[in-house]
>>> print(open('work-v2.cif').read())   # mmCIF, C-alpha atoms
data_input
#
loop_
_atom_site.label_atom_id
_atom_site.label_comp_id
_atom_site.auth_asym_id
_atom_site.auth_seq_id
_atom_site.Cartn_x
_atom_site.Cartn_y
_atom_site.Cartn_z
CA MET F 1435 104.32 -13.39 -267.61
CA ALA F 1436 102.80 -10.12 -268.76
CA ALA F 1437 99.03 -9.82 -269.16
CA ASP F 1438 97.40 -9.56 -272.56
CA PRO F 1439 97.85 -5.91 -273.62
CA TYR F 1440 94.33 -5.79 -275.09
CA THR F 1441 92.93 -6.80 -271.71
CA THR F 1442 95.16 -4.28 -269.93
CA LEU F 1443 93.80 -1.43 -272.03
CA GLY F 1444 90.29 -2.85 -272.07
CA VAL F 1445 89.96 -2.80 -275.86
CA LYS F 1446 88.91 -5.43 -278.38
CA LYS F 1447 91.35 -7.23 -280.65
CA ASP F 1448 90.03 -5.31 -283.64
CA ALA F 1449 90.10 -1.89 -281.93
CA THR F 1450 91.23 0.99 -284.14
CA ALA F 1451 94.40 2.93 -283.39
CA ALA F 1452 92.22 5.83 -282.20
CA GLN F 1453 90.30 3.58 -279.81
CA ILE F 1454 93.56 2.25 -278.37
CA LYS F 1455 94.88 5.77 -277.92
CA THR F 1456 91.68 6.91 -276.19
CA ALA F 1457 91.68 3.90 -273.87
CA TYR F 1458 95.35 4.44 -273.05
CA LEU F 1459 94.91 8.16 -272.28
CA LYS F 1460 91.94 7.48 -270.04
CA LEU F 1461 93.76 4.81 -268.04
CA ALA F 1462 97.10 6.64 -267.97
CA LYS F 1463 95.48 9.78 -266.55
CA LYS F 1464 93.70 7.71 -263.95
CA HIS F 1465 96.68 5.68 -262.82
CA HIS F 1466 99.67 7.99 -263.27
CA PRO F 1467 101.63 7.44 -260.04
CA ASP F 1468 102.39 11.13 -259.57
CA LEU F 1469 98.69 11.89 -259.69
CA ASN F 1470 98.00 9.10 -257.17
CA PRO F 1471 100.62 9.47 -254.43
CA GLY F 1472 98.50 7.50 -251.95
CA ASP F 1473 97.95 4.49 -254.21
CA SER F 1474 100.84 2.07 -253.92
CA LYS F 1475 99.57 0.00 -256.84
CA ALA F 1476 99.34 2.95 -259.22
CA GLU F 1477 102.95 2.63 -260.39
CA GLU F 1478 102.55 -1.03 -261.28
CA LYS F 1479 99.28 -0.36 -263.08
CA PHE F 1480 100.72 2.62 -264.93
CA LYS F 1481 103.71 0.60 -266.10
CA ALA F 1482 101.45 -2.16 -267.39
CA ILE F 1483 99.28 0.38 -269.19
CA SER F 1484 102.32 2.09 -270.71
CA ALA F 1485 103.81 -1.22 -271.81
CA ALA F 1486 100.51 -2.27 -273.39
CA HIS F 1487 100.31 1.03 -275.22
CA ASP F 1488 103.94 0.86 -276.38
CA LEU F 1489 103.05 -2.44 -277.98
CA LEU F 1490 99.59 -1.73 -279.40
CA GLY F 1491 100.16 1.95 -280.17
CA ASP F 1492 102.90 1.02 -282.63
CA ALA F 1493 101.32 -0.46 -285.77
CA GLU F 1494 104.39 -2.58 -286.56
CA LYS F 1495 104.78 -3.99 -283.06
CA ARG F 1496 101.06 -4.62 -282.84
CA ALA F 1497 101.11 -6.58 -286.10
CA ARG F 1498 104.03 -8.67 -284.87
CA PHE F 1499 102.28 -9.28 -281.55
CA ASP F 1500 99.04 -10.26 -283.32
CA ALA F 1501 101.04 -12.61 -285.54
CA GLY F 1502 102.56 -14.19 -282.45
CA GLU F 1503 106.10 -13.10 -283.31
CA ILE F 1504 106.58 -11.35 -280.00
CA ASP F 1505 104.76 -11.87 -276.74
CA ALA F 1506 103.41 -9.22 -274.41
CA ALA F 1507 106.52 -9.31 -272.25
CA GLY F 1508 108.99 -9.82 -275.05
CA GLN F 1509 109.17 -6.23 -276.18
CA PRO F 1510 111.76 -3.89 -274.85
CA GLN F 1511 110.98 -1.36 -272.15
CA ALA F 1512 110.01 1.97 -273.56
CA PRO F 1513 112.88 4.44 -273.33
CA GLN F 1514 110.83 6.98 -271.39
CA HIS F 1515 109.96 4.42 -268.72
CA PRO F 1516 113.19 2.70 -267.84
CA GLY F 1517 112.84 0.10 -265.12
CA GLY F 1518 114.64 2.29 -262.61
CA ARG F 1519 112.57 5.41 -263.23
CA GLN F 1520 112.09 7.59 -260.18
CA PHE F 1521 108.63 9.11 -260.25
CA TYR F 1522 108.10 12.65 -259.00
CA ARG F 1523 106.05 11.42 -256.07
CA GLY F 1524 109.08 9.71 -254.65
CA PHE F 1525 110.60 13.15 -254.10
CA ALA F 1526 107.49 15.20 -253.47
CA ASP F 1527 106.47 12.74 -250.77
CA GLY F 1528 109.98 12.59 -249.38
CA GLU F 1529 112.62 14.70 -247.68
CA GLN F 1530 112.61 17.50 -250.26
CA SER F 1531 108.86 17.79 -250.19
CA GLY F 1532 108.89 21.42 -249.07
CA ARG F 1533 110.36 22.64 -252.34
CA TYR F 1534 107.09 22.97 -254.19
CA SER F 1535 104.68 23.34 -251.27
CA PRO F 1536 102.37 26.28 -251.66
CA GLY F 1537 101.81 28.56 -248.67
CA PHE F 1538 102.98 26.66 -245.62
CA GLY F 1539 106.02 24.49 -246.07
CA GLY F 1540 105.76 20.78 -245.51
CA GLY F 1541 108.90 20.88 -243.41
CA GLY F 1542 107.26 22.18 -240.24
CA GLY F 1543 108.04 25.48 -238.58
CA GLU F 1544 106.07 28.63 -238.98
CA GLY F 1545 103.90 27.46 -241.87
CA PHE F 1546 102.76 24.51 -239.87
CA GLN F 1547 101.35 26.73 -237.15
CA ASP F 1548 99.35 28.45 -239.87
CA MET F 1549 97.87 25.13 -240.81
CA PHE F 1550 96.83 24.45 -237.23
CA ALA F 1551 95.36 27.92 -236.96
CA ASP F 1552 93.43 27.10 -240.12
CA LEU F 1553 92.24 23.74 -238.91
CA PHE F 1554 91.09 25.05 -235.55
CA ALA F 1555 89.37 27.99 -237.14
CA ASN F 1556 87.31 25.52 -239.14
CA ALA F 1557 86.76 23.05 -236.33
CA ARG F 1558 85.81 25.55 -233.61
CA GLY F 1559 85.47 29.23 -234.42
CA GLY F 1560 84.02 28.68 -237.84
CA GLY F 1561 81.64 26.04 -236.67
CA ARG F 1562 80.33 28.04 -233.75
CA GLN F 1563 79.94 31.11 -235.85
CA GLN F 1564 77.85 29.13 -238.27
CA ARG F 1565 75.60 27.81 -235.50
CA ASP F 1566 75.05 31.30 -234.10
CA GLN F 1567 74.03 32.80 -237.40
CA PRO F 1568 70.39 32.92 -238.40
CA MET F 1569 69.83 30.21 -240.99
CA ARG F 1570 66.88 29.55 -243.23
CA GLY F 1571 65.13 26.23 -242.64
CA GLN F 1572 65.23 23.53 -245.27
CA ASP F 1573 62.62 23.15 -247.98
CA GLN F 1574 60.48 20.08 -247.53
CA ARG F 1575 58.98 18.11 -250.41
CA TYR F 1576 55.63 16.42 -250.42
CA GLN F 1577 53.49 14.67 -253.00
CA LEU F 1578 49.78 15.20 -253.37
CA ALA F 1579 47.40 13.20 -255.56
CA VAL F 1580 44.38 15.11 -256.82
CA THR F 1581 41.48 14.15 -259.06
CA PHE F 1582 41.10 15.32 -262.63
CA VAL F 1583 38.22 17.62 -261.70
CA GLU F 1584 40.07 19.15 -258.71
CA ALA F 1585 42.98 20.00 -260.97
CA ALA F 1586 40.72 21.33 -263.74
CA LEU F 1587 38.52 23.59 -261.63
CA GLY F 1588 40.84 24.30 -258.71
CA ALA F 1589 40.23 23.12 -255.17
CA SER F 1590 41.35 23.42 -251.61
CA ARG F 1591 42.87 20.37 -249.94
CA ARG F 1592 44.08 19.78 -246.42
CA LEU F 1593 47.35 17.89 -246.26
CA THR F 1594 48.43 16.14 -243.06
CA LEU F 1595 52.22 16.12 -242.76
CA PRO F 1596 54.26 13.29 -241.26
CA ASP F 1597 54.93 15.47 -238.19
CA GLY F 1598 51.21 15.90 -237.53
CA ARG F 1599 50.90 19.46 -238.83
CA THR F 1600 48.22 20.17 -241.38
CA LEU F 1601 48.65 22.33 -244.45
CA ASP F 1602 45.83 23.89 -246.43
CA VAL F 1603 46.81 23.65 -250.06
CA THR F 1604 45.04 25.72 -252.67
CA ILE F 1605 45.10 23.94 -256.02
CA PRO F 1606 44.77 26.55 -258.76
CA ALA F 1607 42.43 25.86 -261.67
CA GLY F 1608 44.13 24.30 -264.70
CA LEU F 1609 46.93 22.67 -262.72
CA GLU F 1610 48.82 20.06 -264.72
CA SER F 1611 50.25 16.79 -263.46
CA GLY F 1612 53.87 17.07 -262.24
CA GLN F 1613 53.63 20.77 -261.37
CA THR F 1614 55.02 21.85 -258.00
CA LEU F 1615 53.27 24.22 -255.63
CA ARG F 1616 55.45 26.27 -253.27
CA LEU F 1617 54.03 27.20 -249.88
CA ARG F 1618 56.33 29.85 -248.49
CA GLY F 1619 57.46 29.41 -244.92
CA GLN F 1620 55.78 26.01 -244.51
CA GLY F 1621 58.98 23.97 -244.62
CA ALA F 1622 61.36 23.21 -241.76
CA ALA F 1623 61.78 25.89 -239.09
CA GLY F 1624 64.79 28.22 -239.33
CA TRP F 1625 67.64 28.42 -236.79
CA ASN F 1626 68.49 31.36 -234.59
CA GLY F 1627 65.62 33.43 -235.84
CA GLY F 1628 66.16 32.60 -239.50
CA PRO F 1629 63.13 32.21 -241.75
CA ALA F 1630 61.46 28.83 -242.22
CA GLY F 1631 61.96 26.95 -245.48
CA ASP F 1632 59.22 26.33 -248.01
CA ALA F 1633 56.96 23.35 -248.52
CA LEU F 1634 57.21 22.10 -252.10
CA ILE F 1635 54.21 20.06 -253.11
CA GLU F 1636 54.44 18.02 -256.27
CA VAL F 1637 50.95 17.37 -257.59
CA ASP F 1638 50.01 14.17 -259.37
CA VAL F 1639 46.75 14.50 -261.29
CA ALA F 1640 44.81 11.25 -261.69
CA ASP F 1641 43.40 10.24 -265.08
CA HIS F 1642 39.66 10.63 -265.55
CA PRO F 1643 37.48 7.78 -266.86
CA PHE F 1644 36.09 9.91 -269.73
CA PHE F 1645 37.65 13.38 -269.72
CA ALA F 1646 41.10 13.96 -271.21
CA ARG F 1647 43.16 17.16 -271.00
CA ASP F 1648 44.49 18.86 -274.12
CA GLY F 1649 46.03 22.06 -272.75
CA ASP F 1650 43.11 24.19 -271.65
CA ASN F 1651 40.67 22.15 -273.72
CA ILE F 1652 39.06 18.93 -272.65
CA GLN F 1653 38.17 15.98 -274.91
CA LEU F 1654 35.17 13.77 -274.30
CA ASP F 1655 33.89 10.74 -276.22
CA LEU F 1656 30.08 10.86 -275.96
CA PRO F 1657 28.08 7.69 -276.56
CA VAL F 1658 24.84 8.34 -278.50
CA THR F 1659 22.25 6.00 -279.99
CA ALA F 1660 21.91 5.59 -283.72
CA GLY F 1661 18.52 7.27 -283.38
CA GLU F 1662 19.92 10.30 -281.54
CA ALA F 1663 22.57 10.68 -284.20
CA ALA F 1664 20.28 10.21 -287.17
CA LEU F 1665 17.25 12.09 -285.93
CA GLY F 1666 18.94 14.73 -283.77
CA ALA F 1667 18.45 15.12 -280.02
CA LYS F 1668 19.09 17.25 -276.99
CA VAL F 1669 21.18 15.30 -274.48
CA ALA F 1670 22.84 16.03 -271.14
CA VAL F 1671 26.66 16.03 -271.36
CA PRO F 1672 28.99 15.83 -268.37
CA THR F 1673 31.49 18.68 -267.97
CA PRO F 1674 33.94 19.14 -265.08
CA ALA F 1675 31.64 21.84 -263.68
CA GLY F 1676 28.45 19.76 -264.02
CA PRO F 1677 26.10 18.56 -266.77
CA VAL F 1678 25.06 20.86 -269.61
CA ASN F 1679 22.63 20.28 -272.48
CA LEU F 1680 23.96 19.67 -275.95
CA SER F 1681 21.97 19.66 -279.17
CA ILE F 1682 23.01 16.86 -281.47
CA PRO F 1683 22.18 18.00 -285.01
CA ARG F 1684 20.01 15.73 -287.15
CA HIS F 1685 22.01 13.43 -289.47
CA SER F 1686 25.12 13.45 -287.29
CA ASP F 1687 27.51 10.58 -287.85
CA SER F 1688 29.81 8.69 -285.50
CA GLY F 1689 33.05 10.62 -284.95
CA ARG F 1690 31.44 14.02 -285.45
CA GLN F 1691 33.01 16.59 -283.14
CA LEU F 1692 30.92 19.23 -281.39
CA ARG F 1693 32.29 22.06 -279.35
CA LEU F 1694 30.97 23.37 -276.05
CA ARG F 1695 32.59 26.77 -275.90
CA GLY F 1696 34.07 27.77 -272.55
CA ARG F 1697 33.29 24.42 -270.89
CA GLY F 1698 36.93 23.21 -270.68
CA ILE F 1699 39.43 24.49 -268.10
CA PRO F 1700 38.00 27.71 -266.58
CA ALA F 1701 39.74 31.01 -267.26
CA HIS F 1702 42.88 31.27 -265.10
CA ALA F 1703 46.19 33.11 -264.96
CA GLY F 1704 45.06 35.56 -267.63
CA ARG F 1705 44.11 32.78 -270.04
CA PRO F 1706 40.55 32.49 -271.34
CA ALA F 1707 38.49 29.42 -270.57
CA GLY F 1708 39.13 26.37 -272.75
CA ASP F 1709 36.50 24.44 -274.69
CA LEU F 1710 35.01 21.00 -274.27
CA TYR F 1711 35.25 18.96 -277.48
CA VAL F 1712 32.59 16.26 -277.69
CA THR F 1713 33.16 13.40 -280.14
CA LEU F 1714 30.04 11.36 -280.94
CA ARG F 1715 30.33 7.58 -280.67
CA ILE F 1716 27.28 5.72 -281.97
CA VAL F 1717 26.22 2.85 -279.74
CA LEU F 1718 23.95 0.34 -281.37
CA GLY F 1719 22.89 -1.64 -278.33
CA THR F 1720 21.49 -5.13 -278.95
CA PRO F 1721 19.39 -5.13 -282.15
CA ASP F 1722 16.17 -7.10 -282.09
CA GLU F 1723 14.35 -8.63 -285.09
CA THR F 1724 12.47 -5.42 -285.84
CA LEU F 1725 15.70 -3.45 -286.18
CA GLU F 1726 17.38 -6.21 -288.15
CA ARG F 1727 14.53 -6.28 -290.68
CA ALA F 1728 14.38 -2.51 -290.88
CA LEU F 1729 18.16 -2.27 -291.45
CA ALA F 1730 18.14 -4.99 -294.10
CA ALA F 1731 15.27 -3.32 -295.94
CA TYR F 1732 16.93 0.08 -295.59
CA TYR F 1733 20.30 -0.94 -297.06
CA ASP F 1734 18.55 -2.84 -299.87
CA ARG F 1735 17.00 0.44 -300.93
CA GLN F 1736 20.00 2.64 -300.08
CA PRO F 1737 23.26 0.72 -300.69
CA LEU F 1738 26.11 2.31 -298.71
CA ASP F 1739 29.85 1.48 -298.90
CA PRO F 1740 31.56 3.42 -296.08
CA ARG F 1741 34.89 1.77 -297.06
CA ALA F 1742 34.76 2.91 -300.70
CA HIS F 1743 37.72 5.30 -300.13
CA MET F 1744 39.85 2.45 -298.76
CA GLY F 1745 40.00 0.57 -302.04
CA VAL F 1746 38.59 -2.75 -300.77
CA PRO F 1747 35.85 -4.81 -302.44
CA VAL F 1748 32.27 -4.21 -301.40
CA SER F 1749 31.35 -6.80 -298.77
CA GLU F 1750 28.70 -9.42 -299.36
CA THR F 1751 25.59 -9.34 -297.23
CA ALA F 1752 25.79 -11.77 -294.34
CA MET W 632 122.89 18.75 -259.55
CA THR W 633 122.28 18.62 -263.28
CA THR W 634 122.75 21.30 -265.92
CA ILE W 635 119.91 22.35 -268.19
CA GLN W 636 121.72 20.80 -271.14
CA SER W 637 121.94 17.41 -269.45
CA VAL W 638 118.29 17.51 -268.44
CA CYS W 639 117.18 18.23 -272.02
CA ALA W 640 119.53 15.62 -273.43
CA ALA W 641 118.04 13.00 -271.11
CA LEU W 642 114.47 13.85 -272.07
CA PRO W 643 113.72 13.50 -275.79
CA GLY W 644 111.15 16.02 -276.94
CA LEU W 645 112.19 18.72 -274.48
CA SER W 646 114.03 21.78 -275.77
CA GLU W 647 116.14 24.09 -273.65
CA GLU W 648 113.89 26.94 -274.72
CA THR W 649 110.79 25.17 -273.40
CA LEU W 650 112.45 24.30 -270.11
CA ARG W 651 113.59 27.90 -269.64
CA ARG W 652 110.01 29.00 -270.21
CA TRP W 653 108.82 26.57 -267.52
CA LEU W 654 111.44 27.97 -265.16
CA ALA W 655 110.31 31.52 -265.91
CA GLN W 656 106.70 30.51 -265.16
CA ASP W 657 107.84 28.86 -261.91
CA TRP W 658 106.39 25.49 -262.90
CA VAL W 659 109.77 24.07 -261.99
CA ARG W 660 112.57 25.50 -259.83
CA ALA W 661 116.32 25.16 -259.94
CA ASP W 662 119.35 26.25 -257.91
CA GLY W 663 122.34 27.91 -259.52
CA THR W 664 121.99 31.09 -261.54
CA ALA W 665 119.39 32.15 -264.07
CA GLY W 666 121.96 31.63 -266.82
CA GLN W 667 123.20 28.28 -265.51
CA PRO W 668 120.40 26.65 -263.52
CA ALA W 669 121.29 23.58 -261.51
CA PHE W 670 118.55 20.97 -261.19
CA ALA W 671 118.16 18.76 -258.14
CA GLU W 672 116.76 15.24 -258.52
CA ILE W 673 113.29 16.38 -257.51
CA ASP W 674 113.41 19.11 -260.16
CA VAL W 675 114.35 16.66 -262.89
CA ALA W 676 111.56 14.33 -261.81
CA ARG W 677 109.15 17.26 -261.93
CA VAL W 678 110.35 18.27 -265.42
CA ARG W 679 109.75 14.70 -266.53
CA LEU W 680 106.27 14.75 -265.03
CA ILE W 681 105.36 18.06 -266.71
CA LEU W 682 106.68 16.78 -270.04
CA GLU W 683 104.70 13.59 -269.67
CA LEU W 684 101.50 15.40 -268.68
CA HIS W 685 101.88 17.65 -271.69
CA THR W 686 103.09 15.37 -274.47
CA GLU W 687 101.59 12.01 -273.48
CA LEU W 688 98.52 12.75 -271.39
CA GLU W 689 97.53 15.72 -273.58
CA VAL W 690 97.25 18.26 -270.78
CA GLU W 691 97.44 21.58 -272.63
CA GLU W 692 99.86 24.27 -271.44
CA PRO W 693 97.12 26.65 -270.27
CA THR W 694 95.75 23.86 -268.03
CA LEU W 695 99.11 22.76 -266.65
CA PRO W 696 99.39 25.44 -263.91
CA LEU W 697 96.03 24.28 -262.55
CA VAL W 698 97.10 20.63 -262.50
CA LEU W 699 100.47 21.49 -260.92
CA SER W 700 98.85 23.73 -258.31
CA LEU W 701 96.45 20.97 -257.26
CA LEU W 702 99.27 18.42 -257.19
CA ASP W 703 101.40 20.72 -255.05
CA GLN W 704 98.54 21.17 -252.62
CA LEU W 705 97.97 17.42 -252.53
CA TYR W 706 101.61 16.68 -251.72
CA ALA W 707 101.74 19.51 -249.15
CA THR W 708 98.65 18.13 -247.43
CA ARG W 709 100.15 14.65 -247.38
CA ALA W 710 103.33 16.04 -245.84
CA GLN W 711 101.35 17.85 -243.17
CA LEU W 712 99.31 14.78 -242.39
CA ARG W 713 102.50 12.76 -242.04
CA LEU W 714 103.90 15.37 -239.65
CA VAL W 715 100.76 15.21 -237.56
CA LEU W 716 100.92 11.42 -237.44
CA ASP W 717 104.66 11.46 -236.66
CA SER W 718 104.07 13.77 -233.72
CA LEU W 719 101.66 11.32 -232.09
CA ASP W 720 102.83 8.71 -229.58
CA ALA W 721 102.41 5.13 -230.65
CA PRO W 722 99.36 4.38 -228.41
CA VAL W 723 97.59 7.51 -229.67
CA ARG W 724 98.33 6.56 -233.27
CA GLU W 725 96.94 3.09 -232.75
CA ALA W 726 93.81 4.44 -231.08
CA LEU W 727 93.36 6.88 -233.93
CA ALA W 728 93.80 4.22 -236.58
CA GLU W 729 91.31 2.02 -234.79
CA SER W 730 88.68 4.73 -234.53
CA LEU W 731 89.12 5.64 -238.20
CA VAL W 732 88.63 2.06 -239.34
CA ARG W 733 85.33 1.89 -237.53
#
>>> encode(input="work-v2.cif", output="structure tokens")
Amino acid sequence: MAADPYTTLGVKKDATAAQIKTAYLKLAKKHHPDLNPGDSKAEEKFKAISAAHDLLGDAEKRARFDAGEIDAAGQPQAPQHPGGRQFYRGFADGEQSGRYSPGFGGGGGEGFQDMFADLFANARGGGRQQRDQPMRGQDQRYQLAVTFVEAALGASRRLTLPDGRTLDVTIPAGLESGQTLRLRGQGAAGWNGGPAGDALIEVDVADHPFFARDGDNIQLDLPVTAGEAALGAKVAVPTPAGPVNLSIPRHSDSGRQLRLRGRGIPAHAGRPAGDLYVTLRIVLGTPDETLERALAAYYDRQPLDPRAHMGVPVSETA
Amino acid sequence: MTTIQSVCAALPGLSEETLRRWLAQDWVRADGTAGQPAFAEIDVARVRLILELHTELEVEEPTLPLVLSLLDQLYATRAQLRLVLDSLDAPVREALAESLVR
């Protein structure tokens, strides 16, 4: 009993004619017996695929099959694949095989000696020649984790390799995560006087608890008190290169961005130094009764609706 | 031996003109004369294969020489391998097979 032709072609029952054709072509190319002389099952598979396509590729036959009028085996053999067909491989793999052989004939004789000469050239002469030639050593890959600040400012790190060697790695300023450093001649040794390979070091930059990279600029959220924001203040701000003083202008609000020019990634590779962008975040702390009373009195005098632009009702006092 | 007319008659979709072009391009060979080529069984099977590659499997004519060349090399290599194996004594063959399975 023949298998379901839809299963044979690997298509769904509602596949379009184009899908059936595509599936057939893919399978037929894969299993054509003449393209697979060493696969004894290819002929059987190819015949099944062809039969399935003869049935499903013909709209009328497919409709009759779907309607149950004919079964998968009940349709006649396709004329181009009669049961007794002799595939090409039967001849090409047989007595007459020399007819289409390129170069050396398959029938032995002179051409066959050529093949042996070829094989031995590869197995011996060629191999030895290759071993005697100077060859460059292989590149070796390593991974190195560095801190945010090391990558921002540049640093020197000593890397201990699995074989016990140590490598001094210079991390250039402004290095970004995922970049690869190439250390020439620090890979595997060469053969027969050939040059050593390179060491390729992929650098993974760790996140920082409060700095964030934005190209050559750095972003920082800076906590300030309500007093510092309202009254103005001079505060110390961390930068990758160390703390600097920043003047917070009087009447600053939360979210205000201040720029510290040249305090981002230092100048490198012909690019000028980046900036440090400081975003103020007002921290209230734990209000006591004095502050509570002062705030209540203040907003009684100076009503403020910071959500006015959002189109929501003014909140009621707690 | 089969005449070019019989080959074309047996293979729907193949014209004598096309087959003569394939002969001229050496995709397929025949005995006899250029005017009256005589096809051996292997030649007819090869004609059928080329026709099938072209019309059913959608291998375009410019690509066919590449496919045929690779196929010819594949079959030649298989023939050579068989010759090598045939030249070995039975105990050597068995030892070889055993070491290859491992």
>>> resolve_selection(input="work-v2.cif", expression="the PyMOL selection byres ((chain F) within 6 of (chain W))", output="PyMOL selection string")
chain F and resi 1459+1522+1525+1535+1540
>>> closest_residue(input="work-v2.cif", among="W:Leu695, W:Ala665, W:Leu719, W:Leu682", to="Gly644 (chain W)", atoms="only C-alpha atoms")
W:Leu682
>>> residues_around(input="work-v2.cif", residues="Asp1602 (chain F)", least_positions_apart="6", cutoff="12 Å", atoms="all atoms listed in the file", output="MDAnalysis selection string")
chainID F and resid 1578 1589:1595 1615 1617 1620 1633 1635
>>> closest_residue(input="work-v2.cif", among="W:Ala640, W:Leu731, W:Asp717, W:Ile635", to="Leu654 (chain W)", atoms="all atoms listed in the file")
W:Ile635
>>> atom_distance(input="work-v2.cif", atom1="CA of Thr686 (chain W)", atom2="CA of Gly1528 (chain F)")
26.2 Å
>>> atom_distance(input="work-v2.cif", atom1="CA of Gln667 (chain W)", atom2="CA of Tyr1534 (chain F)")
20.4 Å
>>> residues_around(input="work-v2.cif", residues="Lys1447 (chain F)", least_positions_apart="5", cutoff="12 Å", atoms="only C-alpha atoms", output="compact mmCIF listing (two decimals) with C-alpha atoms, in the frame of the given file")
# COMPACT_ATOMS: atom_id res chain seq x y z
CA ASP F 1438 97.40 -9.56 -272.56
CA PRO F 1439 97.85 -5.91 -273.62
CA TYR F 1440 94.33 -5.79 -275.09
CA THR F 1441 92.93 -6.80 -271.71
CA THR F 1442 95.16 -4.28 -269.93
CA GLN F 1453 90.30 3.58 -279.81
CA ILE F 1454 93.56 2.25 -278.37
CA LEU F 1490 99.59 -1.73 -279.40
CA ARG F 1496 101.06 -4.62 -282.84
CA ALA F 1497 101.11 -6.58 -286.10
CA PHE F 1499 102.28 -9.28 -281.55
CA ASP F 1500 99.04 -10.26 -283.32
>>> residues_around(input="work-v2.cif", residues="Pro1606 (chain F)", least_positions_apart="3", cutoff="8 Å", atoms="only C-alpha atoms", output="JSON list (two decimals) with C-alpha atoms, keeping the file's coordinate frame")
[["chain", "number", "residue", "atom", "x", "y", "z"],
["F", 1585, "ALA", "CA", 42.98, 20.00, -260.97],
["F", 1587, "LEU", "CA", 38.52, 23.59, -261.63],
["F", 1588, "GLY", "CA", 40.84, 24.30, -258.71],
["F", 1589, "ALA", "CA", 40.23, 23.12, -255.17],
["F", 1609, "LEU", "CA", 46.93, 22.67, -262.72]]
>>> atom_distance(input="work-v2.cif", atom1="CA of Ala1462 (chain F)", atom2="CA of Ser1484 (chain F)")
7.4 Å
>>> closest_residue(input="work-v2.cif", among="W:Leu716, W:Phe670, W:Gln656, W:Glu725", to="Pro693 (chain W)", atoms="all atoms listed in the file")
W:Gln656
>>> residues_around(input="work-v2.cif", residues="Met1569 (chain F)", least_positions_apart="6", cutoff="12 Å", atoms="only C-alpha atoms", output="number ranges by chain")
F: 1563, 1622-1631
>>> residues_around(input="work-v2.cif", residues="Phe1644 (chain F)", least_positions_apart="3", cutoff="9 Å", atoms="only C-alpha atoms", output="ChimeraX atom specification")
/F:1641,1653-1656
>>> resolve_selection(input="work-v2.cif", expression="the PyMOL selection byres ((chain F and resi 1683) around 10)", output="number ranges by chain")
F: 1662-1668, 1680-1682, 1684-1687, 1692
>>> write_last_selection(input="work-v2.cif", atoms="C-alpha atoms", output="PDB file, keeping the file's coordinate frame")
ATOM      1  CA  GLU F1662      19.920  10.300-281.540  1.00  0.00           C
ATOM      2  CA  ALA F1663      22.570  10.680-284.200  1.00  0.00           C
ATOM      3  CA  ALA F1664      20.280  10.210-287.170  1.00  0.00           C
ATOM      4  CA  LEU F1665      17.250  12.090-285.930  1.00  0.00           C
ATOM      5  CA  GLY F1666      18.940  14.730-283.770  1.00  0.00           C
ATOM      6  CA  ALA F1667      18.450  15.120-280.020  1.00  0.00           C
ATOM      7  CA  LYS F1668      19.090  17.250-276.990  1.00  0.00           C
ATOM      8  CA  LEU F1680      23.960  19.670-275.950  1.00  0.00           C
ATOM      9  CA  SER F1681      21.970  19.660-279.170  1.00  0.00           C
ATOM     10  CA  ILE F1682      23.010  16.860-281.470  1.00  0.00           C
ATOM     11  CA  ARG F1684      20.010  15.730-287.150  1.00  0.00           C
ATOM     12  CA  HIS F1685      22.010  13.430-289.470  1.00  0.00           C
ATOM     13  CA  SER F1686      25.120  13.450-287.290  1.00  0.00           C
ATOM     14  CA  ASP F1687      27.510  10.580-287.850  1.00  0.00           C
ATOM     15  CA  LEU F1692      30.920  19.230-281.390  1.00  0.00           C
TER      16      LEU F1692
END
>>> resolve_selection(input="work-v2.cif", expression="the PyMOL selection byres ((chain F and resi 1708) around 12)", output="short mmCIF file (atom, residue, chain, number, x, y, z; two decimals) with C-alpha atoms, in the coordinates of the input")
data_model
loop_
_atom_site.label_atom_id
_atom_site.label_comp_id
_atom_site.auth_asym_id
_atom_site.auth_seq_id
_atom_site.Cartn_x
_atom_site.Cartn_y
_atom_site.Cartn_z
CA ALA F 1586 40.72 21.33 -263.74
CA LEU F 1587 38.52 23.59 -261.63
CA ALA F 1607 42.43 25.86 -261.67
CA GLY F 1608 44.13 24.30 -264.70
CA ARG F 1647 43.16 17.16 -271.00
CA ASP F 1648 44.49 18.86 -274.12
CA GLY F 1649 46.03 22.06 -272.75
CA ASP F 1650 43.11 24.19 -271.65
CA ASN F 1651 40.67 22.15 -273.72
CA ILE F 1652 39.06 18.93 -272.65
CA GLN F 1653 38.17 15.98 -274.91
CA THR F 1673 31.49 18.68 -267.97
CA PRO F 1674 33.94 19.14 -265.08
CA ARG F 1693 32.29 22.06 -279.35
CA LEU F 1694 30.97 23.37 -276.05
CA ARG F 1695 32.59 26.77 -275.90
CA GLY F 1696 34.07 27.77 -272.55
CA ARG F 1697 33.29 24.42 -270.89
CA GLY F 1698 36.93 23.21 -270.68
CA ILE F 1699 39.43 24.49 -268.10
CA PRO F 1700 38.00 27.71 -266.58
CA ALA F 1701 39.74 31.01 -267.26
CA HIS F 1702 42.88 31.27 -265.10
CA ARG F 1705 44.11 32.78 -270.04
CA PRO F 1706 40.55 32.49 -271.34
CA ALA F 1707 38.49 29.42 -270.57
CA ASP F 1709 36.50 24.44 -274.69
CA LEU F 1710 35.01 21.00 -274.27
CA TYR F 1711 35.25 18.96 -277.48
#
>>> axis_aligned_box(input="work-v2.cif", around="region 1625-1641 of chain F", padding_each_side="5 Å", output="lines of an AutoDock Vina configuration file")
center_x = 55.9
center_y = 21.8
center_z = -249.8
size_x = 35.1
size_y = 33.2
size_z = 40.5
